[in-house]
Amino acid sequence: MQSYPNHWEADVVLTDGGTAHLRPITPDDADLLRAFHERLSPETIYYRFFAPYPRLSDRDVRRFTTVDYDSRVALIATIADSMVAVVRYDKVAPDEAEVAFVVEDAHQGRGIASVLLEHIAAAALERGVRRFIADVLPENRRMINVFREAGYTAQQSFDEGVIRLTLDLQPTASAQEVMRAREQRAESRSIARLLFPTSVAVIGASRTAHTIGQTALRNLLAGDFQGPVYPVHPTATAVAGVRAYPSVLDVPGPVDLAVVAVRADMVLDVVDECAQKGVHGLVVVSSGFAETGPEGLARQERLVATARAAGMRVIGPNCLGIANTDPAVSLNATLAPYVPPRGPIGFFSQSGALGRAILQRVAERGMGLSTFVSAGNRADVSGNDLIQYWQEDPATKVVLQYLESLGNPRKFTRLARRLAQHKPVVAVRSGGSSQGVPSGHAVGALSLPDYAVTSLFEQAGVVRVDDITQMFDAAQLFAYQPLPAGPRVAIVGNSDSLGLLVKDACVRSGLKPHEPVALGPNATAADFDAALTAALADDDVHAVVVVFIPALTPISDDVAEVMRAKAATAAKPIVTTYLGYQGLPAELRRIGENGETAFGSIPSYPAPEDAVRALAHATRYALWRERPAGRHPELADIDGARARAIIDAALASAAEADERSAEQGTVWFTSEPVRREESAADQQTTHDLLACYGITAHPYIPVATAEEAVAAAEKLGYPVVVKANAPDLRLRAGGSGIRADLRSANDVRGAFTALDDRLGAEAQLVVQTMVVPGVPVVIRAGENPSFGSVVGFGLADATAELLDDRAFRLAPLTDSDAADLVHAVRAAPLLFGLPAGATTLAEQPDVEDLQRVLVRVSRLVDAFPEVAHVELDPVIVNAEGAHVLGAHVWLREPPDRRPDAGPRRLRGVVF
């Protein structure tokens, strides 16, 4: 029997928040198919077969379950080991196939047909199918709508009582938009089912004090959960005064959510029982899974697979739990005894151990939460799922995330960028300051310093902070203040020294402070009122910082009342620093109208620097929201098919020629060979691949003697350069590794001899056509293990290398991203002034052409996961454009599928 690709299997979320498993059909599914067909209504059967078909013959079953996974493919959807839907295609031409699907009546309307169509279309494209044909009866409106709403380019005809739909499967922006919208609705709904249960069972509820089972139960009860709570204990008749049941199957009513607090080796049996009961979701607070090693990881994988197959989502294991402060549910399914009151902040914590401390800190700050999720090992539900939910949750105004890693970085940045357009996203990311190069990646693969991680978060609109304290500092401002319209800051206070501290902090943070308004140590509330009124009325002020030190006769409450009253109507943010107080003045801790204990509407900080840092975060975020998103330029000259052929041929050739490289899964091709005996074919492969994306790399010829250098110069045409083909030599001060503007054979001989005598055989000398001098830059792009495709940029000189003056952005770049990337390096002014010796603006470097090269490189690495790393070094930017003089390309065997590519699916187990 032929096998099918592993990535054709997937767990998916349905429109009602449940889950299903998709996989290709096999002959072993004969009994599942028979049972499935017998459950179909006569109407559904008629719509599928255009005739009554009450029973499948043995011949039918063999034909439907035996496919070749090429010209005939069928995918089935299963829930709890039952087939609930099937879709299939049969080729009628090399690039065309008939498609049909049927969904069990009880599961129609759950979005199964749409997701099956996405997956069968992806499989068809892999097998060379470019069009689907579907014959549908006119009265089968549901199926017609599935095809019409898929987003594919479609044509329709009518003949002999049947509607024929023809779908063009080539990916379109419309199809992608439809898929993403369905993904968002489904994943949001799956989280809503967890956060809004109508009943909760605590499995493992114990009568022993301080156990996790009893703690979870008591917190649910103390939190005033609005539905029934069912303790599950094998022998007890009651736990914490509530009637208990031997198993979840004995609970008399339905159970939406199960909190699982049993030993790790018992969890799988509990999950099986929850599946039989029809539980919607699990919160597994038990430990003993992936965090303990390979055996625990295997147990965790079985837990998730079993739960998803039964339609359940899983939070955890090894988590603190979840909470929802909505009065309609009042859910505290956590191990924390106290959850902050209702407020506008949604919080996701990857760490279960820190979750309790985080909740305590939120309460101490006087902030309120809408929802809280501690995901622990993130075996299933992750921060990405919560972003999907918070996108449309009206109760959540600010999103906080404590992250230790990104399971699907491409999806995270896509979702975070969309959410940040409407709601601030503040993240603490721990786990190391830089990302190393995984084993098996090409030497030189893209690794990122910590500042680059911050810039990538900022590109996606995410406010990255260093620690939890800074997270709450930013959250106070985002939750209860308007965003600043710009960087100009007014400073008002009753201390000259504090005002100067604030001014200096603003300058360091990139803000533009006005001169502080010093009211003097005896300033009254009326003085503060007048100063605040003037500052808020000034069109050249975008935010106000108020600093206050109490006089001998405290008047703090009066001043706080003035600020609170101003903030109630101001369209500009006000932040404060109250020194000399334990806690905050009463007026700044006033309870909000909806019951949240906010700082009234004014955040106050223990130090001026804290206030300014939070204001700087808000300013950068506000400017990001106002910045044009940019566009992905149309690049009509890209030849993706030829690039694919070049990559496939190169990988196949390398696998045959170099067994060692094939074993490592990585090979490299370079236009600058590291060995003189390498052939020019490597250079040609690199140049051809870059040319497919409109990037022209200047050829060069390796030479070993002076006469070879002359011959190379004659072939290329004068003027030429002779250079050492090694970056460390080229970057030496004074250009000691290159001789330029050589216009005769004697010039070339002399240059070669001088360099060869001084640098030796290891210099790897080459001859290359000379370009007009300009600003040398380096472009690097490739796959980063934490963020996906990334583009790096900097100047190609020793100073930039020494100072690590590099900037990074996520691929693919928009035109705005490319411009930001060029401007982000500290040496960028060198690209925008006149080069040495230039006298007119016509000689200014063509930065726009450089930006076009950046966009094209980003498209290449984004389109082909086989391209592990691209390095263009140097690229000379002059008035004539950006000239690529050196290029390296590393290739590797591609993964089965790229995260966040292809049809929507749940990610695999990540720890």
# chains A, B, ... in the order shown; residues from 1 in each chain; ligands from 1

$ residues_around --residues "region 570-581 of chain A" --least-positions-apart "6" --cutoff "9 Å" --atoms "only C-alpha atoms" --output "count of residues only"
33

$ residues_around --residues "Ala395 (chain A)" --least-positions-apart "4" --cutoff "8 Å" --atoms "only C-alpha atoms" --output "JSON, numbers by chain"
{"A": [343, 344, 370]}

$ write_last_selection --atoms "all heavy atoms" --output "short mmCIF file (atom, residue, chain, number, x, y, z; two decimals), in the first residue's frame"
data_model
loop_
_atom_site.label_atom_id
_atom_site.label_comp_id
_atom_site.auth_asym_id
_atom_site.auth_seq_id
_atom_site.Cartn_x
_atom_site.Cartn_y
_atom_site.Cartn_z
N GLY A 343 -11.54 43.98 35.38
CA GLY A 343 -10.77 45.05 34.78
C GLY A 343 -10.54 44.79 33.31
O GLY A 343 -11.00 43.78 32.76
N PRO A 344 -9.80 45.66 32.64
CA PRO A 344 -9.69 45.58 31.18
C PRO A 344 -8.49 44.81 30.67
O PRO A 344 -8.19 44.85 29.48
CB PRO A 344 -9.56 47.06 30.80
CG PRO A 344 -8.79 47.66 31.92
CD PRO A 344 -9.23 46.93 33.17
N SER A 370 -9.62 40.98 32.99
CA SER A 370 -10.80 40.39 32.35
C SER A 370 -10.68 38.88 32.40
O SER A 370 -11.59 38.18 32.84
CB SER A 370 -10.92 40.87 30.91
OG SER A 370 -9.77 40.50 30.15
#

$ residues_around --residues "region 252-266 of chain A" --least-positions-apart "2" --cutoff "6 Å" --atoms "only C-alpha atoms" --output "VMD selection string"
chain A and resid 197 199 to 204 213 268 to 269 279 to 286 288

$ write_last_selection --atoms "N, CA, C and O atoms" --output "short mmCIF file (atom, residue, chain, number, x, y, z; two decimals), in the first residue's frame"
data_model
loop_
_atom_site.label_atom_id
_atom_site.label_comp_id
_atom_site.auth_asym_id
_atom_site.auth_seq_id
_atom_site.Cartn_x
_atom_site.Cartn_y
_atom_site.Cartn_z
N PRO A 197 -17.60 28.33 31.00
CA PRO A 197 -18.31 27.06 31.23
C PRO A 197 -19.58 27.29 32.03
O PRO A 197 -19.66 28.22 32.85
N SER A 199 -20.73 24.62 33.75
CA SER A 199 -20.53 23.67 34.84
C SER A 199 -19.08 23.22 34.84
O SER A 199 -18.44 23.16 33.78
N VAL A 200 -18.56 22.91 36.04
CA VAL A 200 -17.16 22.52 36.18
C VAL A 200 -17.07 21.30 37.08
O VAL A 200 -17.70 21.25 38.14
N ALA A 201 -16.26 20.33 36.65
CA ALA A 201 -15.93 19.19 37.50
C ALA A 201 -14.47 19.29 37.91
O ALA A 201 -13.61 19.63 37.09
N VAL A 202 -14.20 19.03 39.19
CA VAL A 202 -12.83 18.98 39.69
C VAL A 202 -12.49 17.52 39.92
O VAL A 202 -12.97 16.91 40.88
N ILE A 203 -11.70 16.96 39.05
CA ILE A 203 -11.37 15.53 39.10
C ILE A 203 -10.06 15.38 39.86
O ILE A 203 -9.01 15.86 39.42
N GLY A 204 -10.17 14.71 40.99
CA GLY A 204 -9.03 14.63 41.91
C GLY A 204 -9.24 15.54 43.10
O GLY A 204 -8.29 15.82 43.84
N GLY A 213 -5.89 19.30 44.39
CA GLY A 213 -7.29 19.03 44.10
C GLY A 213 -8.22 19.80 45.01
O GLY A 213 -9.21 20.40 44.56
N LEU A 268 -4.54 10.04 31.64
CA LEU A 268 -5.08 9.52 30.38
C LEU A 268 -6.40 8.81 30.59
O LEU A 268 -7.32 8.94 29.77
N ASP A 269 -6.55 8.06 31.68
CA ASP A 269 -7.83 7.42 31.97
C ASP A 269 -8.92 8.47 32.22
O ASP A 269 -10.07 8.30 31.78
N VAL A 279 -17.22 16.33 27.68
CA VAL A 279 -16.63 17.54 28.25
C VAL A 279 -16.04 18.37 27.11
O VAL A 279 -15.47 17.84 26.15
N HIS A 280 -16.15 19.68 27.22
CA HIS A 280 -15.65 20.57 26.17
C HIS A 280 -14.16 20.88 26.30
O HIS A 280 -13.49 21.09 25.29
N GLY A 281 -13.65 20.98 27.52
CA GLY A 281 -12.26 21.37 27.69
C GLY A 281 -11.69 20.89 29.00
O GLY A 281 -12.42 20.59 29.95
N LEU A 282 -10.34 20.83 29.05
CA LEU A 282 -9.63 20.35 30.22
C LEU A 282 -8.63 21.39 30.70
O LEU A 282 -7.93 22.01 29.89
N VAL A 283 -8.55 21.56 32.01
CA VAL A 283 -7.47 22.32 32.64
C VAL A 283 -6.68 21.32 33.48
O VAL A 283 -7.15 20.86 34.52
N VAL A 284 -5.49 20.95 33.00
CA VAL A 284 -4.71 19.91 33.66
C VAL A 284 -3.65 20.60 34.51
O VAL A 284 -2.63 21.09 34.00
N VAL A 285 -3.89 20.65 35.82
CA VAL A 285 -2.93 21.27 36.73
C VAL A 285 -1.89 20.26 37.20
O VAL A 285 -0.89 20.65 37.81
N SER A 286 -2.09 19.00 36.92
CA SER A 286 -1.15 17.96 37.31
C SER A 286 0.20 18.17 36.64
O SER A 286 0.28 18.61 35.49
N GLY A 288 4.27 16.29 35.91
CA GLY A 288 4.77 14.96 35.57
C GLY A 288 4.69 14.67 34.09
O GLY A 288 4.59 13.49 33.69
#

$ residues_around --residues "Ser455 (chain A)" --least-positions-apart "5" --cutoff "10 Å" --atoms "only C-alpha atoms" --output "list in words"
Asp450, Ala460, Gly461, Val462, Val463, Arg464, Ala807, Phe808, Arg809, Leu810, Leu821 and Ala824 of chain A

$ write_last_selection --atoms "all heavy atoms" --output "mmCIF file, in the first residue's frame"
data_model
loop_
_atom_site.group_PDB
_atom_site.id
_atom_site.type_symbol
_atom_site.label_atom_id
_atom_site.label_comp_id
_atom_site.auth_asym_id
_atom_site.auth_seq_id
_atom_site.Cartn_x
_atom_site.Cartn_y
_atom_site.Cartn_z
ATOM 1 N N ASP A 450 19.947 40.325 21.528
ATOM 2 C CA ASP A 450 18.732 40.656 22.265
ATOM 3 C C ASP A 450 18.042 41.886 21.703
ATOM 4 O O ASP A 450 16.813 41.946 21.632
ATOM 5 C CB ASP A 450 19.080 40.869 23.741
ATOM 6 C CG ASP A 450 17.845 41.017 24.608
ATOM 7 O OD1 ASP A 450 17.064 40.065 24.672
ATOM 8 O OD2 ASP A 450 17.653 42.092 25.200
ATOM 9 N N ALA A 460 6.124 44.035 14.937
ATOM 10 C CA ALA A 460 4.791 43.441 15.016
ATOM 11 C C ALA A 460 3.857 44.244 15.910
ATOM 12 O O ALA A 460 2.709 43.824 16.116
ATOM 13 C CB ALA A 460 4.890 42.008 15.528
ATOM 14 N N GLY A 461 4.324 45.363 16.462
ATOM 15 C CA GLY A 461 3.481 46.179 17.316
ATOM 16 C C GLY A 461 3.452 45.740 18.761
ATOM 17 O O GLY A 461 2.679 46.272 19.560
ATOM 18 N N VAL A 462 4.296 44.769 19.133
ATOM 19 C CA VAL A 462 4.324 44.252 20.503
ATOM 20 C C VAL A 462 5.305 45.072 21.324
ATOM 21 O O VAL A 462 6.441 45.309 20.910
ATOM 22 C CB VAL A 462 4.733 42.764 20.521
ATOM 23 C CG1 VAL A 462 4.835 42.249 21.960
ATOM 24 C CG2 VAL A 462 3.735 41.939 19.733
ATOM 25 N N VAL A 463 4.871 45.522 22.499
ATOM 26 C CA VAL A 463 5.736 46.250 23.420
ATOM 27 C C VAL A 463 6.490 45.222 24.255
ATOM 28 O O VAL A 463 5.902 44.543 25.098
ATOM 29 C CB VAL A 463 4.928 47.185 24.327
ATOM 30 C CG1 VAL A 463 5.837 47.877 25.333
ATOM 31 C CG2 VAL A 463 4.171 48.217 23.494
ATOM 32 N N ARG A 464 7.771 45.084 23.997
ATOM 33 C CA ARG A 464 8.569 44.128 24.761
ATOM 34 C C ARG A 464 9.231 44.825 25.933
ATOM 35 O O ARG A 464 9.870 45.867 25.775
ATOM 36 C CB ARG A 464 9.638 43.491 23.885
ATOM 37 C CG ARG A 464 10.354 42.345 24.614
ATOM 38 C CD ARG A 464 11.707 42.056 24.042
ATOM 39 N NE ARG A 464 12.304 40.920 24.718
ATOM 40 C CZ ARG A 464 13.589 40.619 24.665
ATOM 41 N NH1 ARG A 464 14.403 41.359 23.952
ATOM 42 N NH2 ARG A 464 14.066 39.579 25.305
ATOM 43 N N ALA A 807 20.531 45.860 12.076
ATOM 44 C CA ALA A 807 19.079 45.959 12.304
ATOM 45 C C ALA A 807 18.404 44.758 11.672
ATOM 46 O O ALA A 807 18.924 44.179 10.703
ATOM 47 C CB ALA A 807 18.536 47.259 11.710
ATOM 48 N N PHE A 808 17.248 44.387 12.198
ATOM 49 C CA PHE A 808 16.560 43.175 11.759
ATOM 50 C C PHE A 808 15.065 43.442 11.617
ATOM 51 O O PHE A 808 14.481 44.213 12.369
ATOM 52 C CB PHE A 808 16.782 42.037 12.762
ATOM 53 C CG PHE A 808 18.226 41.662 12.947
ATOM 54 C CD1 PHE A 808 19.025 42.328 13.867
ATOM 55 C CD2 PHE A 808 18.788 40.635 12.200
ATOM 56 C CE1 PHE A 808 20.355 41.997 14.041
ATOM 57 C CE2 PHE A 808 20.116 40.298 12.362
ATOM 58 C CZ PHE A 808 20.904 40.966 13.283
ATOM 59 N N ARG A 809 14.455 42.759 10.648
ATOM 60 C CA ARG A 809 13.018 42.813 10.461
ATOM 61 C C ARG A 809 12.531 41.437 9.996
ATOM 62 O O ARG A 809 13.280 40.654 9.409
ATOM 63 C CB ARG A 809 12.612 43.860 9.418
ATOM 64 C CG ARG A 809 12.872 45.309 9.813
ATOM 65 C CD ARG A 809 12.013 45.747 10.972
ATOM 66 N NE ARG A 809 12.180 47.171 11.283
ATOM 67 C CZ ARG A 809 13.100 47.647 12.122
ATOM 68 N NH1 ARG A 809 13.946 46.829 12.715
ATOM 69 N NH2 ARG A 809 13.175 48.944 12.362
ATOM 70 N N LEU A 810 11.247 41.191 10.244
ATOM 71 C CA LEU A 810 10.632 39.928 9.833
ATOM 72 C C LEU A 810 10.293 39.954 8.350
ATOM 73 O O LEU A 810 9.853 40.970 7.812
ATOM 74 C CB LEU A 810 9.347 39.682 10.636
ATOM 75 C CG LEU A 810 9.537 39.531 12.149
ATOM 76 C CD1 LEU A 810 8.197 39.626 12.852
ATOM 77 C CD2 LEU A 810 10.210 38.207 12.478
ATOM 78 N N LEU A 821 14.159 49.460 8.019
ATOM 79 C CA LEU A 821 15.353 48.640 8.241
ATOM 80 C C LEU A 821 16.616 49.421 7.906
ATOM 81 O O LEU A 821 17.601 49.393 8.649
ATOM 82 C CB LEU A 821 15.259 47.371 7.388
ATOM 83 C CG LEU A 821 16.380 46.340 7.520
ATOM 84 C CD1 LEU A 821 16.534 45.893 8.962
ATOM 85 C CD2 LEU A 821 16.088 45.137 6.621
ATOM 86 N N ALA A 824 17.287 52.099 10.527
ATOM 87 C CA ALA A 824 17.410 51.643 11.911
ATOM 88 C C ALA A 824 18.848 51.528 12.383
ATOM 89 O O ALA A 824 19.105 51.549 13.594
ATOM 90 C CB ALA A 824 16.701 50.286 12.074
#

$ residues_around --residues "region 5-10 of chain A" --least-positions-apart "6" --cutoff "6 Å" --atoms "only C-alpha atoms" --output "list of chain:residue names"
A:His21, A:Leu22, A:Arg23, A:Arg905

$ atom_distance --atom1 "CA of Leu116 (chain A)" --atom2 "CA of Val86 (chain A)"
7.8 Å

$ residues_around --residues "Val748 (chain A)" --least-positions-apart "5" --cutoff "9 Å" --atoms "only C-alpha atoms" --output "list in words"
Ala706, Glu707, Ala709, Val710, Ala713, Val720, Val721, Val722, Arg739, Leu742, Arg743, Thr753 and Val767 of chain A

$ write_last_selection --atoms "N, CA and C atoms" --output "PDB file, in the first residue's frame"
ATOM      1  N   ALA A 706      49.331  35.497 -11.604  1.00  0.00           N
ATOM      2  CA  ALA A 706      49.182  36.818 -12.201  1.00  0.00           C
ATOM      3  C   ALA A 706      48.640  36.735 -13.614  1.00  0.00           C
ATOM      4  N   GLU A 707      49.088  35.714 -14.367  1.00  0.00           N
ATOM      5  CA  GLU A 707      48.610  35.588 -15.741  1.00  0.00           C
ATOM      6  C   GLU A 707      47.130  35.200 -15.770  1.00  0.00           C
ATOM      7  N   ALA A 709      45.047  36.179 -13.584  1.00  0.00           N
ATOM      8  CA  ALA A 709      44.376  37.433 -13.243  1.00  0.00           C
ATOM      9  C   ALA A 709      44.232  38.319 -14.476  1.00  0.00           C
ATOM     10  N   VAL A 710      45.263  38.385 -15.298  1.00  0.00           N
ATOM     11  CA  VAL A 710      45.182  39.183 -16.522  1.00  0.00           C
ATOM     12  C   VAL A 710      44.131  38.614 -17.455  1.00  0.00           C
ATOM     13  N   ALA A 713      40.745  39.508 -16.258  1.00  0.00           N
ATOM     14  CA  ALA A 713      40.427  40.910 -16.505  1.00  0.00           C
ATOM     15  C   ALA A 713      40.056  41.136 -17.962  1.00  0.00           C
ATOM     16  N   VAL A 720      38.822  46.764 -13.595  1.00  0.00           N
ATOM     17  CA  VAL A 720      38.518  45.646 -12.704  1.00  0.00           C
ATOM     18  C   VAL A 720      39.136  45.923 -11.341  1.00  0.00           C
ATOM     19  N   VAL A 721      38.821  45.027 -10.416  1.00  0.00           N
ATOM     20  CA  VAL A 721      39.477  45.022  -9.103  1.00  0.00           C
ATOM     21  C   VAL A 721      40.063  43.636  -8.886  1.00  0.00           C
ATOM     22  N   VAL A 722      41.133  43.571  -8.136  1.00  0.00           N
ATOM     23  CA  VAL A 722      41.656  42.317  -7.606  1.00  0.00           C
ATOM     24  C   VAL A 722      41.492  42.401  -6.102  1.00  0.00           C
ATOM     25  N   ARG A 739      42.576  45.915  -4.470  1.00  0.00           N
ATOM     26  CA  ARG A 739      43.202  46.897  -5.360  1.00  0.00           C
ATOM     27  C   ARG A 739      42.180  47.224  -6.438  1.00  0.00           C
ATOM     28  N   LEU A 742      41.775  49.117 -11.780  1.00  0.00           N
ATOM     29  CA  LEU A 742      42.875  48.557 -12.576  1.00  0.00           C
ATOM     30  C   LEU A 742      42.447  48.588 -14.039  1.00  0.00           C
ATOM     31  N   ARG A 743      43.210  49.293 -14.883  1.00  0.00           N
ATOM     32  CA  ARG A 743      42.784  49.551 -16.253  1.00  0.00           C
ATOM     33  C   ARG A 743      43.702  48.944 -17.306  1.00  0.00           C
ATOM     34  N   THR A 753      50.345  40.529  -7.710  1.00  0.00           N
ATOM     35  CA  THR A 753      51.616  40.186  -7.074  1.00  0.00           C
ATOM     36  C   THR A 753      51.707  40.790  -5.679  1.00  0.00           C
ATOM     37  N   VAL A 767      39.194  38.237  -9.389  1.00  0.00           N
ATOM     38  CA  VAL A 767      39.100  39.418 -10.242  1.00  0.00           C
ATOM     39  C   VAL A 767      37.627  39.687 -10.526  1.00  0.00           C
TER      40      VAL A 767
END

$ atom_distance --atom1 "CA of Ala379 (chain A)" --atom2 "CA of Leu303 (chain A)"
8.7 Å

$ select_by_dssp --residues "region 189-373 of chain A" --states "helix (DSSP H, G or I)" --output "count of residues only"
67

$ residues_around --residues "region 684-698 of chain A" --least-positions-apart "5" --cutoff "8 Å" --atoms "only C-alpha atoms" --output "JSON, numbers by chain"
{"A": [637, 638, 639, 640, 642, 643, 646, 647, 650, 669, 670, 671, 768, 769, 853, 856, 857, 859, 860, 883, 884, 885, 886, 887, 888, 889]}

$ closest_residue --among "A:Leu716, A:Val314, A:Val703, A:Ile876" --to "Pro776 (chain A)" --atoms "only C-alpha atoms"
A:Ile876

$ select_by_dssp --residues "region 471-660 of chain A" --states "strand (DSSP E or B)" --output "PyMOL selection string"
chain A and resi 488-493+512-513+517-518+543-548+574-578+604-605

$ write_last_selection --atoms "N, CA, C and O atoms" --output "CSV table (one decimal), in the first residue's frame"
chain,number,residue,atom,x,y,z
A,488,ARG,N,6.2,64.7,22.6
A,488,ARG,CA,6.5,65.9,23.4
A,488,ARG,C,5.9,65.9,24.8
A,488,ARG,O,4.7,65.6,24.9
A,489,VAL,N,6.7,66.1,25.8
A,489,VAL,CA,6.2,65.9,27.2
A,489,VAL,C,6.4,67.1,28.0
A,489,VAL,O,7.4,67.8,28.0
A,490,ALA,N,5.3,67.5,28.7
A,490,ALA,CA,5.3,68.5,29.7
A,490,ALA,C,5.6,67.9,31.0
A,490,ALA,O,5.2,66.8,31.4
A,491,ILE,N,6.4,68.7,31.9
A,491,ILE,CA,6.8,68.2,33.2
A,491,ILE,C,6.4,69.2,34.2
A,491,ILE,O,6.7,70.4,34.1
A,492,VAL,N,5.6,68.8,35.2
A,492,VAL,CA,5.0,69.7,36.2
A,492,VAL,C,5.4,69.1,37.6
A,492,VAL,O,5.2,67.9,37.8
A,493,GLY,N,5.9,69.9,38.5
A,493,GLY,CA,6.2,69.3,39.8
A,493,GLY,C,6.6,70.4,40.8
A,493,GLY,O,6.7,71.6,40.5
A,512,LYS,N,10.7,64.0,23.8
A,512,LYS,CA,11.1,65.4,23.6
A,512,LYS,C,10.5,66.2,24.7
A,512,LYS,O,9.4,66.7,24.6
A,513,PRO,N,11.2,66.4,25.8
A,513,PRO,CA,10.6,67.1,27.0
A,513,PRO,C,10.7,68.6,26.8
A,513,PRO,O,11.6,69.2,26.3
A,517,VAL,N,8.2,72.7,34.6
A,517,VAL,CA,7.5,73.8,35.3
A,517,VAL,C,7.6,73.5,36.8
A,517,VAL,O,7.0,72.6,37.3
A,518,ALA,N,8.5,74.3,37.4
A,518,ALA,CA,8.7,74.1,38.9
A,518,ALA,C,7.8,74.9,39.7
A,518,ALA,O,7.8,76.2,39.6
A,543,ALA,N,1.9,64.6,26.3
A,543,ALA,CA,1.7,63.9,27.5
A,543,ALA,C,2.3,64.8,28.6
A,543,ALA,O,3.1,65.7,28.4
A,544,VAL,N,1.8,64.4,29.9
A,544,VAL,CA,2.3,65.2,31.0
A,544,VAL,C,2.8,64.3,32.1
A,544,VAL,O,2.1,63.2,32.4
A,545,VAL,N,3.9,64.6,32.7
A,545,VAL,CA,4.5,63.9,33.8
A,545,VAL,C,4.4,64.8,35.0
A,545,VAL,O,4.9,66.0,35.0
A,546,VAL,N,3.8,64.4,36.1
A,546,VAL,CA,3.6,65.1,37.3
A,546,VAL,C,4.5,64.5,38.4
A,546,VAL,O,4.4,63.3,38.6
A,547,VAL,N,5.4,65.3,39.0
A,547,VAL,CA,6.2,64.8,40.1
A,547,VAL,C,5.8,65.5,41.4
A,547,VAL,O,5.6,66.8,41.3
A,548,PHE,N,5.8,64.8,42.5
A,548,PHE,CA,5.3,65.5,43.7
A,548,PHE,C,6.0,64.9,44.9
A,548,PHE,O,6.1,63.7,45.1
A,574,ILE,N,-1.6,61.4,31.5
A,574,ILE,CA,-1.0,62.0,32.6
A,574,ILE,C,-0.4,60.8,33.5
A,574,ILE,O,-1.1,59.9,33.8
A,575,VAL,N,0.9,60.9,33.8
A,575,VAL,CA,1.5,59.9,34.7
A,575,VAL,C,2.1,60.7,35.8
A,575,VAL,O,2.5,61.9,35.7
A,576,THR,N,2.2,60.0,37.0
A,576,THR,CA,2.7,60.7,38.2
A,576,THR,C,3.8,59.9,38.9
A,576,THR,O,3.9,58.7,38.7
A,577,THR,N,4.5,60.6,39.7
A,577,THR,CA,5.4,60.0,40.7
A,577,THR,C,5.2,60.7,42.0
A,577,THR,O,5.4,61.9,42.1
A,578,TYR,N,4.8,59.9,43.0
A,578,TYR,CA,4.6,60.4,44.3
A,578,TYR,C,5.7,59.9,45.2
A,578,TYR,O,5.7,58.7,45.5
A,604,SER,N,0.5,55.9,38.8
A,604,SER,CA,1.5,56.5,39.6
A,604,SER,C,2.7,55.5,39.8
A,604,SER,O,2.4,54.3,40.0
A,605,TYR,N,3.9,56.0,39.8
A,605,TYR,CA,5.1,55.1,39.8
A,605,TYR,C,6.0,55.5,40.9
A,605,TYR,O,6.1,56.7,41.3

$ closest_residue --among "A:Thr26, A:Asn332, A:Asn408, A:Gln214" --to "Thr65 (chain A)" --atoms "only C-alpha atoms"
A:Thr26

$ closest_residue --among "A:Leu891, A:Ala796, A:Ala819, A:Asp757" --to "Ser653 (chain A)" --atoms "only C-alpha atoms"
A:Leu891

$ closest_residue --among "A:Arg48, A:Arg806, A:Gly355, A:His617" --to "Leu511 (chain A)" --atoms "only C-alpha atoms"
A:His617
